$ cat query-v6.cif   # mmCIF, C-alpha atoms and all ligand atoms
data_work
loop_
_atom_site.label_atom_id
_atom_site.label_comp_id
_atom_site.auth_asym_id
_atom_site.auth_seq_id
_atom_site.Cartn_x
_atom_site.Cartn_y
_atom_site.Cartn_z
CA MET A 1 64.97 97.08 83.31
CA THR A 2 65.41 98.62 86.75
CA GLY A 3 64.66 96.27 89.62
CA GLN A 4 66.16 93.17 88.03
CA SER A 5 68.98 91.38 89.81
CA LEU A 6 72.51 91.20 88.42
CA LEU A 7 72.13 87.44 88.23
CA ALA A 8 68.90 87.76 86.21
CA PHE A 9 70.53 90.36 83.95
CA LEU A 10 73.58 88.18 83.34
CA ARG A 11 71.35 85.17 82.60
CA SER A 12 68.91 87.13 80.44
CA GLY A 13 71.13 86.83 77.40
CA SER A 14 70.57 90.51 76.67
CA PHE A 15 74.09 90.59 75.31
CA ALA A 16 73.95 87.12 73.75
CA GLN A 17 75.13 88.48 70.39
CA LYS A 18 78.53 89.25 71.82
CA PRO A 19 81.34 86.77 71.40
CA HIS A 20 82.03 84.99 74.69
CA ALA A 21 78.73 86.14 76.25
CA GLU A 22 78.63 83.23 78.70
CA ALA A 23 82.26 83.66 79.68
CA ILE A 24 81.73 87.38 80.29
CA SER A 25 78.67 86.64 82.43
CA ALA A 26 80.53 84.13 84.54
CA THR A 27 83.46 86.51 84.99
CA ILE A 28 81.29 89.42 86.14
CA GLY A 29 79.47 87.08 88.52
CA ALA A 30 82.78 85.96 90.03
CA LEU A 31 84.03 89.54 90.36
CA ALA A 32 80.80 90.46 92.15
CA GLN A 33 81.36 87.67 94.69
CA ALA A 34 84.90 88.86 95.36
CA ALA A 35 83.69 92.47 95.65
CA LEU A 36 81.39 91.35 98.47
CA GLU A 37 84.43 90.02 100.33
CA VAL A 38 86.32 93.28 99.79
CA ARG A 39 83.23 95.16 100.97
CA LYS A 40 83.26 93.17 104.24
CA LEU A 41 86.85 94.25 104.83
CA THR A 42 86.16 97.90 104.03
CA THR A 43 83.12 98.14 106.31
CA GLN A 44 85.18 96.87 109.25
CA GLY A 45 87.76 99.56 108.63
CA ALA A 46 90.44 99.79 111.28
CA LEU A 47 88.76 96.93 113.19
CA ASN A 48 90.62 94.65 110.75
CA ALA A 49 94.18 94.20 111.87
CA GLY A 50 96.50 95.84 109.34
CA PHE A 51 93.55 97.30 107.42
CA ALA A 52 95.12 100.51 106.22
CA SER A 53 98.72 99.74 107.00
CA SER A 54 101.37 100.07 104.37
CA ARG A 55 103.39 97.01 103.54
CA GLY A 56 106.56 98.95 103.03
CA SER A 57 106.49 97.68 99.45
CA GLU A 58 105.74 99.53 96.22
CA ASN A 59 103.74 98.34 93.22
CA THR A 60 105.22 98.52 89.74
CA ASP A 61 104.21 102.16 89.45
CA GLY A 62 105.99 103.21 92.61
CA ASP A 63 102.81 103.59 94.71
CA ILE A 64 103.04 102.41 98.31
CA GLN A 65 101.05 99.19 98.61
CA LYS A 66 98.53 99.01 101.43
CA ASP A 67 97.64 95.65 102.96
CA LEU A 68 94.15 96.00 101.51
CA ASP A 69 95.54 96.59 97.98
CA VAL A 70 97.26 93.23 98.19
CA VAL A 71 94.39 91.39 99.89
CA ALA A 72 91.91 92.70 97.31
CA ASP A 73 94.26 91.65 94.52
CA SER A 74 94.43 88.08 95.80
CA LEU A 75 90.65 87.89 96.37
CA PHE A 76 89.96 88.87 92.73
CA LEU A 77 92.70 86.60 91.42
CA GLU A 78 91.31 83.61 93.32
CA ALA A 79 87.73 84.43 92.22
CA ILE A 80 88.51 84.31 88.52
CA ARG A 81 90.48 81.06 88.64
CA HIS A 82 87.16 79.23 88.24
CA VAL A 83 85.80 81.20 85.26
CA PRO A 84 86.92 81.41 81.60
CA VAL A 85 89.74 83.89 82.17
CA ALA A 86 93.16 83.12 80.66
CA LEU A 87 95.09 86.16 81.87
CA TYR A 88 95.01 88.46 84.88
CA GLY A 89 96.69 91.87 84.48
CA SER A 90 96.66 93.80 87.75
CA GLU A 91 98.01 97.11 89.02
CA GLU A 92 99.57 95.15 91.85
CA ASN A 93 101.69 92.78 89.74
CA THR A 94 104.57 93.49 87.39
CA GLY A 95 103.32 91.42 84.46
CA ALA A 96 100.13 89.60 83.49
CA ILE A 97 99.54 86.29 85.29
CA LEU A 98 98.70 83.26 83.17
CA ILE A 99 95.75 81.33 84.58
CA ASP A 100 94.65 79.00 81.77
CA PRO A 101 95.89 79.52 78.19
CA ASP A 102 92.83 77.78 76.74
CA LYS A 103 90.33 80.30 78.08
CA PRO A 104 89.07 83.22 75.95
CA LEU A 105 89.23 86.28 78.23
CA ALA A 106 91.84 88.64 79.68
CA LEU A 107 90.95 90.60 82.81
CA ALA A 108 92.67 93.91 83.56
CA ILE A 109 92.06 95.18 87.07
CA ASP A 110 92.80 97.91 89.58
CA PRO A 111 91.86 95.82 92.63
CA LEU A 112 91.60 98.83 94.91
CA ASP A 113 91.31 102.30 93.44
CA GLY A 114 91.74 105.33 95.66
CA SER A 115 93.60 103.26 98.22
CA SER A 116 95.50 106.27 99.54
CA ASN A 117 92.10 107.19 101.06
CA ILE A 118 91.37 103.92 102.87
CA GLU A 119 91.82 105.16 106.41
CA THR A 120 89.80 108.36 105.78
CA ASN A 121 86.54 106.45 105.21
CA VAL A 122 86.12 107.84 101.69
CA SER A 123 84.60 105.72 98.89
CA ILE A 124 87.12 103.46 97.16
CA GLY A 125 86.57 100.87 94.45
CA THR A 126 87.67 98.13 92.07
CA ILE A 127 87.96 98.92 88.34
CA PHE A 128 88.00 96.17 85.69
CA SER A 129 88.18 95.70 81.94
CA ILE A 130 87.46 92.47 80.04
CA LEU A 131 89.26 91.90 76.74
CA PRO A 132 89.48 89.02 74.29
CA VAL A 133 92.76 87.09 74.44
CA THR A 134 95.09 87.87 71.53
CA GLY A 135 98.30 86.09 70.56
CA ASP A 136 99.72 83.21 72.56
CA PRO A 137 99.01 83.82 76.25
CA LYS A 138 101.79 81.38 77.23
CA THR A 139 104.61 83.18 75.45
CA GLU A 140 103.29 86.76 75.43
CA PRO A 141 100.97 87.15 78.43
CA ASP A 142 100.99 90.99 78.34
CA LEU A 143 100.00 91.18 74.66
CA SER A 144 96.26 90.83 75.28
CA PHE A 145 96.37 93.97 77.41
CA LEU A 146 97.96 96.05 74.66
CA GLN A 147 94.74 96.34 72.63
CA PRO A 148 92.99 99.69 72.28
CA GLY A 149 90.04 100.21 74.60
CA THR A 150 87.63 99.92 71.66
CA ASN A 151 88.27 96.15 71.89
CA GLN A 152 86.88 95.89 75.43
CA LEU A 153 84.05 93.38 75.72
CA ALA A 154 82.88 94.70 79.08
CA ALA A 155 84.08 97.10 81.75
CA GLY A 156 82.98 98.43 85.07
CA PHE A 157 83.77 99.29 88.64
CA PHE A 158 82.56 98.39 92.09
CA ILE A 159 82.35 101.29 94.48
CA TYR A 160 82.60 100.68 98.22
CA GLY A 161 80.74 103.77 99.37
CA PRO A 162 77.60 104.42 101.41
CA GLN A 163 76.14 102.03 98.82
CA LEU A 164 78.02 99.09 97.35
CA ALA A 165 77.37 99.56 93.64
CA LEU A 166 78.48 98.04 90.36
CA VAL A 167 78.68 100.37 87.36
CA LEU A 168 78.74 98.15 84.29
CA THR A 169 78.84 98.31 80.53
CA LEU A 170 78.76 95.52 77.99
CA GLY A 171 78.80 98.04 75.15
CA GLN A 172 75.05 98.61 75.16
CA GLY A 173 74.68 101.51 77.56
CA THR A 174 75.85 101.90 81.14
CA ARG A 175 73.91 100.38 84.03
CA ILE A 176 74.20 100.74 87.78
CA PHE A 177 73.41 97.88 90.16
CA ILE A 178 73.26 98.53 93.90
CA HIS A 179 73.80 95.71 96.36
CA SER A 180 70.75 94.95 98.45
CA SER A 181 71.31 93.01 101.66
CA LYS A 182 67.55 92.29 101.65
CA TYR A 183 67.73 90.42 98.32
CA GLY A 184 71.33 89.24 98.68
CA ASP A 185 72.22 90.43 95.18
CA PHE A 186 73.03 93.53 93.17
CA ILE A 187 69.77 95.09 91.92
CA GLU A 188 69.57 97.33 88.87
CA ALA A 189 68.93 100.92 89.95
CA TYR A 190 69.68 102.74 86.66
CA ASP A 191 69.27 100.86 83.37
CA SER A 192 70.55 103.57 81.11
CA VAL A 193 72.84 106.08 82.71
CA SER A 194 73.25 109.36 80.84
CA VAL A 195 75.81 111.95 81.91
CA PRO A 196 73.90 115.24 82.25
CA PRO A 197 75.21 117.50 79.47
CA GLN A 198 75.00 120.68 81.54
CA ALA A 199 76.74 120.89 84.90
CA SER A 200 78.87 123.40 86.72
CA GLU A 201 81.34 121.12 88.48
CA PHE A 202 84.96 120.39 87.69
CA ALA A 203 87.29 117.94 89.44
CA ILE A 204 91.06 118.35 89.44
CA ASN A 205 93.85 118.27 92.01
CA VAL A 206 94.48 122.02 92.10
CA SER A 207 97.57 121.64 94.27
CA ASN A 208 99.37 120.76 91.04
CA TYR A 209 98.43 124.10 89.42
CA ARG A 210 102.02 125.30 89.16
CA HIS A 211 103.04 122.09 87.37
CA TRP A 212 100.34 122.15 84.67
CA GLU A 213 100.79 123.12 81.06
CA GLU A 214 99.26 126.41 79.91
CA PRO A 215 96.02 125.10 78.32
CA VAL A 216 94.99 123.33 81.53
CA ARG A 217 95.78 126.41 83.63
CA GLN A 218 93.76 128.56 81.25
CA TYR A 219 90.79 126.22 81.39
CA ILE A 220 90.81 126.15 85.18
CA ASP A 221 91.46 129.92 85.42
CA ASP A 222 88.32 130.46 83.37
CA CYS A 223 86.35 128.23 85.75
CA PHE A 224 87.77 130.10 88.76
CA ALA A 225 86.85 133.43 87.20
CA GLY A 226 83.18 132.38 87.34
CA ALA A 227 80.37 134.73 86.40
CA GLU A 228 82.79 137.64 85.97
CA GLY A 229 85.06 135.65 83.64
CA PRO A 230 84.84 134.56 80.00
CA ARG A 231 82.54 131.64 80.84
CA GLU A 232 80.09 134.05 82.54
CA LYS A 233 79.04 131.36 84.97
CA ASP A 234 80.01 130.20 88.47
CA PHE A 235 81.54 126.75 88.96
CA ASN A 236 81.89 124.37 91.86
CA MET A 237 85.00 122.30 92.44
CA ARG A 238 84.93 118.67 93.62
CA TRP A 239 88.00 116.47 94.09
CA ILE A 240 87.60 113.22 96.01
CA ALA A 241 91.00 111.83 94.91
CA SER A 242 89.27 108.53 94.31
CA LEU A 243 88.66 107.99 90.59
CA VAL A 244 85.66 105.70 91.10
CA ALA A 245 83.95 108.22 93.39
CA ASP A 246 84.64 111.16 91.06
CA CYS A 247 83.39 109.09 88.11
CA TYR A 248 80.22 107.96 89.91
CA ARG A 249 79.37 111.58 90.70
CA ILE A 250 79.92 112.66 87.10
CA LEU A 251 77.77 109.80 85.76
CA ILE A 252 74.93 110.91 88.00
CA ARG A 253 75.41 114.68 88.08
CA GLY A 254 77.60 115.63 85.12
CA GLY A 255 80.74 117.76 85.12
CA VAL A 256 84.33 117.15 84.10
CA PHE A 257 87.31 115.30 85.62
CA LEU A 258 90.89 116.17 84.71
CA TYR A 259 94.08 114.36 85.63
CA PRO A 260 96.35 116.01 83.07
CA ALA A 261 100.01 115.51 82.31
CA ASP A 262 102.17 117.85 84.38
CA ARG A 263 105.79 118.86 84.83
CA ARG A 264 106.50 116.83 87.97
CA LYS A 265 109.02 114.06 87.56
CA GLY A 266 107.15 110.92 86.45
CA TYR A 267 103.93 112.80 85.63
CA GLY A 268 104.66 113.53 81.95
CA SER A 269 101.65 111.32 81.15
CA GLY A 270 99.63 112.15 84.24
CA ARG A 271 98.87 109.58 86.93
CA ILE A 272 96.01 107.41 85.71
CA ARG A 273 96.84 104.03 84.19
CA LEU A 274 95.47 103.45 80.68
CA VAL A 275 94.70 99.72 80.66
CA TYR A 276 92.91 99.17 83.98
CA GLU A 277 91.76 102.70 84.90
CA ALA A 278 91.30 105.06 81.93
CA ASN A 279 90.01 102.51 79.40
CA PRO A 280 87.22 101.03 81.54
CA ILE A 281 86.22 104.51 82.79
CA ALA A 282 86.20 105.82 79.20
CA PHE A 283 84.06 102.88 78.02
CA LEU A 284 81.53 103.49 80.83
CA VAL A 285 81.42 107.24 80.25
CA GLU A 286 81.05 106.98 76.46
CA GLN A 287 78.30 104.41 76.87
CA ALA A 288 76.59 106.99 79.10
CA HIS A 289 76.83 109.62 76.32
CA GLY A 290 79.85 111.39 77.80
CA ALA A 291 83.39 111.62 76.41
CA ALA A 292 86.93 110.73 77.50
CA THR A 293 90.21 111.97 76.04
CA ASP A 294 93.90 112.38 76.87
CA SER A 295 93.22 116.13 76.39
CA VAL A 296 92.78 115.79 72.64
CA ASN A 297 92.63 112.14 71.51
CA ARG A 298 89.87 109.67 72.33
CA ILE A 299 91.13 107.41 75.15
CA LEU A 300 89.57 104.27 73.65
CA GLU A 301 91.62 104.61 70.44
CA ILE A 302 95.02 104.79 72.12
CA LYS A 303 97.11 101.66 71.60
CA PRO A 304 98.75 100.79 74.95
CA LEU A 305 102.47 100.12 74.86
CA SER A 306 102.65 98.49 78.28
CA LEU A 307 100.36 97.08 80.96
CA HIS A 308 101.08 99.91 83.41
CA GLN A 309 101.24 102.81 80.94
CA ARG A 310 99.94 106.11 82.29
CA VAL A 311 97.75 108.52 80.33
CA PRO A 312 96.37 112.02 80.90
CA LEU A 313 92.65 111.58 81.49
CA ILE A 314 89.84 114.07 80.90
CA PHE A 315 86.28 112.75 81.03
CA GLY A 316 82.71 113.79 81.70
CA SER A 317 79.98 115.77 79.97
CA LYS A 318 80.76 115.75 76.25
CA SER A 319 80.69 119.53 75.67
CA LYS A 320 83.08 120.10 78.58
CA VAL A 321 85.56 117.48 77.41
CA GLU A 322 85.42 119.04 73.93
CA ARG A 323 86.02 122.48 75.42
CA VAL A 324 89.15 121.22 77.22
CA ALA A 325 90.39 119.86 73.87
CA ARG A 326 89.80 123.25 72.23
CA TYR A 327 92.03 124.95 74.83
CA HIS A 328 94.76 122.54 73.68
CA VAL A 329 94.37 122.78 69.92
CA ASP A 330 92.84 126.19 69.30
CA PRO A 331 95.08 129.05 70.48
CA GLU A 332 92.34 131.48 69.37
CA MET A 333 90.31 130.24 72.27
CA ILE A 334 92.91 131.71 74.60
CA SER A 335 94.08 134.77 72.66
CA GLU A 336 90.54 136.05 72.06
CA ARG A 337 89.94 136.33 75.78
CA SER A 338 89.87 139.65 77.54
CA PRO A 339 93.32 140.90 78.68
CA LEU A 340 91.93 140.65 82.19
CA PHE A 341 92.11 136.89 81.90
CA GLY A 342 95.15 136.67 79.63
CA HIS A 343 98.66 135.51 80.30
CA ARG A 344 99.57 138.40 82.58
CA GLY A 345 96.03 139.08 83.68
CA LEU A 346 94.50 139.71 87.04
CA PHE A 347 93.77 136.04 87.59
CA ARG A 348 97.28 134.79 86.80
CA VAL A 349 99.08 136.17 89.83
O1 LIG B 1 96.59 111.89 94.91
P1 LIG B 1 96.38 112.42 93.52
O2 LIG B 1 97.65 112.70 92.77
O3 LIG B 1 95.41 113.56 93.49
O4 LIG B 1 95.73 111.21 92.70
C1 LIG B 1 94.44 110.76 92.91
C2 LIG B 1 94.16 109.71 91.90
O5 LIG B 1 94.99 108.60 92.14
C3 LIG B 1 94.24 107.42 92.26
O6 LIG B 1 94.06 107.16 93.62
C4 LIG B 1 95.02 106.31 91.56
O7 LIG B 1 94.53 105.04 91.85
P2 LIG B 1 95.20 103.97 92.89
O8 LIG B 1 94.75 104.32 94.27
O9 LIG B 1 94.63 102.70 92.37
O10 LIG B 1 96.69 104.06 92.70
C5 LIG B 1 92.87 107.75 91.64
O11 LIG B 1 91.83 107.04 92.23
C6 LIG B 1 92.74 109.23 91.96
O12 LIG B 1 91.94 109.89 91.02
MG MG B 2 93.48 103.37 90.77
MG MG B 3 94.80 100.68 92.96
#
$ encode --input "query-v6.cif" --output "structure tokens"
Amino acid sequence: MTGQSLLAFLRSGSFAQKPHAEAISATIGALAQAALEVRKLTTQGALNAGFASSRGSENTDGDIQKDLDVVADSLFLEAIRHVPVALYGSEENTGAILIDPDKPLALAIDPLDGSSNIETNVSIGTIFSILPVTGDPKTEPDLSFLQPGTNQLAAGFFIYGPQLALVLTLGQGTRIFIHSSKYGDFIEAYDSVSVPPQASEFAINVSNYRHWEEPVRQYIDDCFAGAEGPREKDFNMRWIASLVADCYRILIRGGVFLYPADRRKGYGSGRIRLVYEANPIAFLVEQAHGAATDSVNRILEIKPLSLHQRVPLIFGSKSKVERVARYHVDPEMISERSPLFGHRGLFRV
């Protein structure tokens, strides 16, 4: 129901059938409070001392940590200490942190996504995934995060853009709440998001073209070739380099996002992390009638092997994601094309 507040939605019991409904509600409420704090820091920008500065440290994945990455991480960690969360698995920490072994939920989080963009005033966000605890959280804290994404109880992201919004799924569709300073709460703006099936936009970091595998190059070549190429249609390219912002656009306007595996050292599985980036994004996109794969396999069915595992990520309008998969599994798709667009064609120089 558009117009209802997040608080009213969380209290409405509209997902009361789910196990741990109350715990999930409380957790999302706490995350929303922390997101408001992060929002305050982002709106001040460089007026906050140390806002965009690098700490000189790296997270477990080798990314340079910004002060705001670390501040956001501690704000979310503190916020969930008072709700039924047993385990906190964050991009910014090596292993999962045990909060209370008797609680039912595990929270996976990218506290600040797109943080390489902080100082450029581009939308950034916080991505989260809520899972049921499995195994003994005291002896095997990471285990709960090694469940396939199909086990997620809820997922979402906050986006700190022109609007502060929460994109949320509890497995019954995808909703968008926008924060209203007038009402002092997040208000539902879209109660059933549906990725438009037809769109002419693709998002990929083209500077990596020379490192991609052939099927990805072919797919993008065909987009570049436009109306004169095999797709017989012109395309637009968008790349914000902030996953939450690219995802928000695709939820509203359709299109496809690709962060494929490539031949650079360390990029054999792409860049995006499975547990706290790809899985929640895939859950949101599927619940909005889109699709998400690692090129071929459904993201949500991949069993993670570690908390910080990377995965190639392709998501967006279903037919486009399926087309990308066909370029990978169906060589006919490539060989049937006109020689003009083939391996040594005009568009491959
Ligand atoms: O700079 P690249 O290689 O294009 O990567 C951009 C991608 O990296 C990310 O910034 C990774 O997220 P973090 O900022 O949380 O590390 C995504 O938001 C974005 O899609
Ligand atoms: Mg990220
Ligand atoms: Mg991050």
$ residues_around --input "query-v6.cif" --residues "stretch 287-302 of chain A" --least-positions-apart "5" --cutoff "8 Å" --atoms "only C-alpha atoms" --output "MDAnalysis selection string"
chainID A and resid 148:150 169 171:174 192:195 197 251 260 278:279 282 311:318 321 324:325 328:329
$ atom_distance --input "query-v6.cif" --atom1 "atom CA of A:Ile99" --atom2 "atom CA of A:Phe9"
26.8 Å
$ residues_near_ligand --input "query-v6.cif" --ligand "ligand MG 3 (chain B)" --cutoff "9 Å" --atoms "all atoms listed in the file" --output "list in words"
Asp63, Gln65, Asp69, Ser90, Glu91, Glu92, Ile109, Asp110, Pro111, Leu112, Asp113, Gly114, Ser115, Ser116, Gly125, Thr126, Ile127 and Glu277 of chain A
$ write_last_selection --input "query-v6.cif" --atoms "C-alpha atoms" --output "mmCIF file, in the frame of the given file"
data_model
loop_
_atom_site.group_PDB
_atom_site.id
_atom_site.type_symbol
_atom_site.label_atom_id
_atom_site.label_comp_id
_atom_site.auth_asym_id
_atom_site.auth_seq_id
_atom_site.Cartn_x
_atom_site.Cartn_y
_atom_site.Cartn_z
ATOM 1 C CA ASP A 63 102.810 103.590 94.710
ATOM 2 C CA GLN A 65 101.050 99.190 98.610
ATOM 3 C CA ASP A 69 95.540 96.590 97.980
ATOM 4 C CA SER A 90 96.660 93.800 87.750
ATOM 5 C CA GLU A 91 98.010 97.110 89.020
ATOM 6 C CA GLU A 92 99.570 95.150 91.850
ATOM 7 C CA ILE A 109 92.060 95.180 87.070
ATOM 8 C CA ASP A 110 92.800 97.910 89.580
ATOM 9 C CA PRO A 111 91.860 95.820 92.630
ATOM 10 C CA LEU A 112 91.600 98.830 94.910
ATOM 11 C CA ASP A 113 91.310 102.300 93.440
ATOM 12 C CA GLY A 114 91.740 105.330 95.660
ATOM 13 C CA SER A 115 93.600 103.260 98.220
ATOM 14 C CA SER A 116 95.500 106.270 99.540
ATOM 15 C CA GLY A 125 86.570 100.870 94.450
ATOM 16 C CA THR A 126 87.670 98.130 92.070
ATOM 17 C CA ILE A 127 87.960 98.920 88.340
ATOM 18 C CA GLU A 277 91.760 102.700 84.900
#
$ closest_residue --input "query-v6.cif" --among "A:Val206, A:Ala245, A:Leu75, A:Leu305" --to "A:Arg273" --atoms "all atoms listed in the file"
A:Leu305
$ closest_residue --input "query-v6.cif" --among "A:Glu78, A:Glu232, A:Asp185, A:Asp262" --to "A:Asn208" --atoms "only C-alpha atoms"
A:Asp262
$ atom_distance --input "query-v6.cif" --atom1 "atom CA of A:Ser269" --atom2 "atom CA of A:Thr60"
15.8 Å
$ closest_residue --input "query-v6.cif" --among "A:Leu274, A:Ile220, A:Leu6, A:Ile252" --to "ligand LIG 1 (chain B)" --atoms "all atoms listed in the file"
A:Leu274
$ atom_distance --input "query-v6.cif" --atom1 "atom CA of A:Asp67" --atom2 "atom CA of A:Gln309"
23.4 Å
$ closest_residue --input "query-v6.cif" --among "A:Ser12, A:Ser200, A:Ser207, A:Thr94" --to "ligand LIG 1 (chain B)" --atoms "only C-alpha atoms and all ligand atoms"
A:Ser207
$ build_atoms --input "query-v6.cif" --residues "stretch 321-335 of chain A" --atoms "N, CA and C atoms" --output "PDB file, in the frame of the given file"
ATOM      1  N   VAL A 321      84.348 118.175  77.844  1.00  0.00           N
ATOM      2  CA  VAL A 321      85.560 117.480  77.410  1.00  0.00           C
ATOM      3  C   VAL A 321      86.023 118.082  76.082  1.00  0.00           C
ATOM      4  N   GLU A 322      85.067 118.409  75.223  1.00  0.00           N
ATOM      5  CA  GLU A 322      85.420 119.040  73.930  1.00  0.00           C
ATOM      6  C   GLU A 322      86.004 120.431  74.146  1.00  0.00           C
ATOM      7  N   ARG A 323      85.487 121.135  75.131  1.00  0.00           N
ATOM      8  CA  ARG A 323      86.020 122.480  75.420  1.00  0.00           C
ATOM      9  C   ARG A 323      87.475 122.380  75.886  1.00  0.00           C
ATOM     10  N   VAL A 324      87.761 121.404  76.759  1.00  0.00           N
ATOM     11  CA  VAL A 324      89.150 121.220  77.220  1.00  0.00           C
ATOM     12  C   VAL A 324      90.047 120.965  76.009  1.00  0.00           C
ATOM     13  N   ALA A 325      89.588 120.157  75.069  1.00  0.00           N
ATOM     14  CA  ALA A 325      90.390 119.860  73.870  1.00  0.00           C
ATOM     15  C   ALA A 325      90.647 121.146  73.084  1.00  0.00           C
ATOM     16  N   ARG A 326      89.627 122.003  73.001  1.00  0.00           N
ATOM     17  CA  ARG A 326      89.800 123.250  72.230  1.00  0.00           C
ATOM     18  C   ARG A 326      90.880 124.139  72.849  1.00  0.00           C
ATOM     19  N   TYR A 327      90.973 124.161  74.174  1.00  0.00           N
ATOM     20  CA  TYR A 327      92.030 124.950  74.830  1.00  0.00           C
ATOM     21  C   TYR A 327      93.406 124.418  74.413  1.00  0.00           C
ATOM     22  N   HIS A 328      93.478 123.122  74.071  1.00  0.00           N
ATOM     23  CA  HIS A 328      94.760 122.540  73.680  1.00  0.00           C
ATOM     24  C   HIS A 328      95.090 122.759  72.201  1.00  0.00           C
ATOM     25  N   VAL A 329      94.062 122.751  71.354  1.00  0.00           N
ATOM     26  CA  VAL A 329      94.370 122.780  69.920  1.00  0.00           C
ATOM     27  C   VAL A 329      94.046 124.108  69.242  1.00  0.00           C
ATOM     28  N   ASP A 330      93.315 124.980  69.941  1.00  0.00           N
ATOM     29  CA  ASP A 330      92.840 126.190  69.300  1.00  0.00           C
ATOM     30  C   ASP A 330      93.320 127.413  70.087  1.00  0.00           C
ATOM     31  N   PRO A 331      94.525 127.927  69.727  1.00  0.00           N
ATOM     32  CA  PRO A 331      95.080 129.050  70.480  1.00  0.00           C
ATOM     33  C   PRO A 331      94.159 130.272  70.476  1.00  0.00           C
ATOM     34  N   GLU A 332      93.311 130.377  69.439  1.00  0.00           N
ATOM     35  CA  GLU A 332      92.340 131.480  69.370  1.00  0.00           C
ATOM     36  C   GLU A 332      91.514 131.550  70.645  1.00  0.00           C
ATOM     37  N   MET A 333      91.178 130.374  71.103  1.00  0.00           N
ATOM     38  CA  MET A 333      90.310 130.240  72.270  1.00  0.00           C
ATOM     39  C   MET A 333      90.908 131.046  73.434  1.00  0.00           C
ATOM     40  N   ILE A 334      92.238 131.024  73.507  1.00  0.00           N
ATOM     41  CA  ILE A 334      92.910 131.710  74.600  1.00  0.00           C
ATOM     42  C   ILE A 334      93.167 133.170  74.235  1.00  0.00           C
ATOM     43  N   SER A 335      93.682 133.402  72.998  1.00  0.00           N
ATOM     44  CA  SER A 335      94.080 134.770  72.660  1.00  0.00           C
ATOM     45  C   SER A 335      92.894 135.717  72.539  1.00  0.00           C
TER      46      SER A 335
END
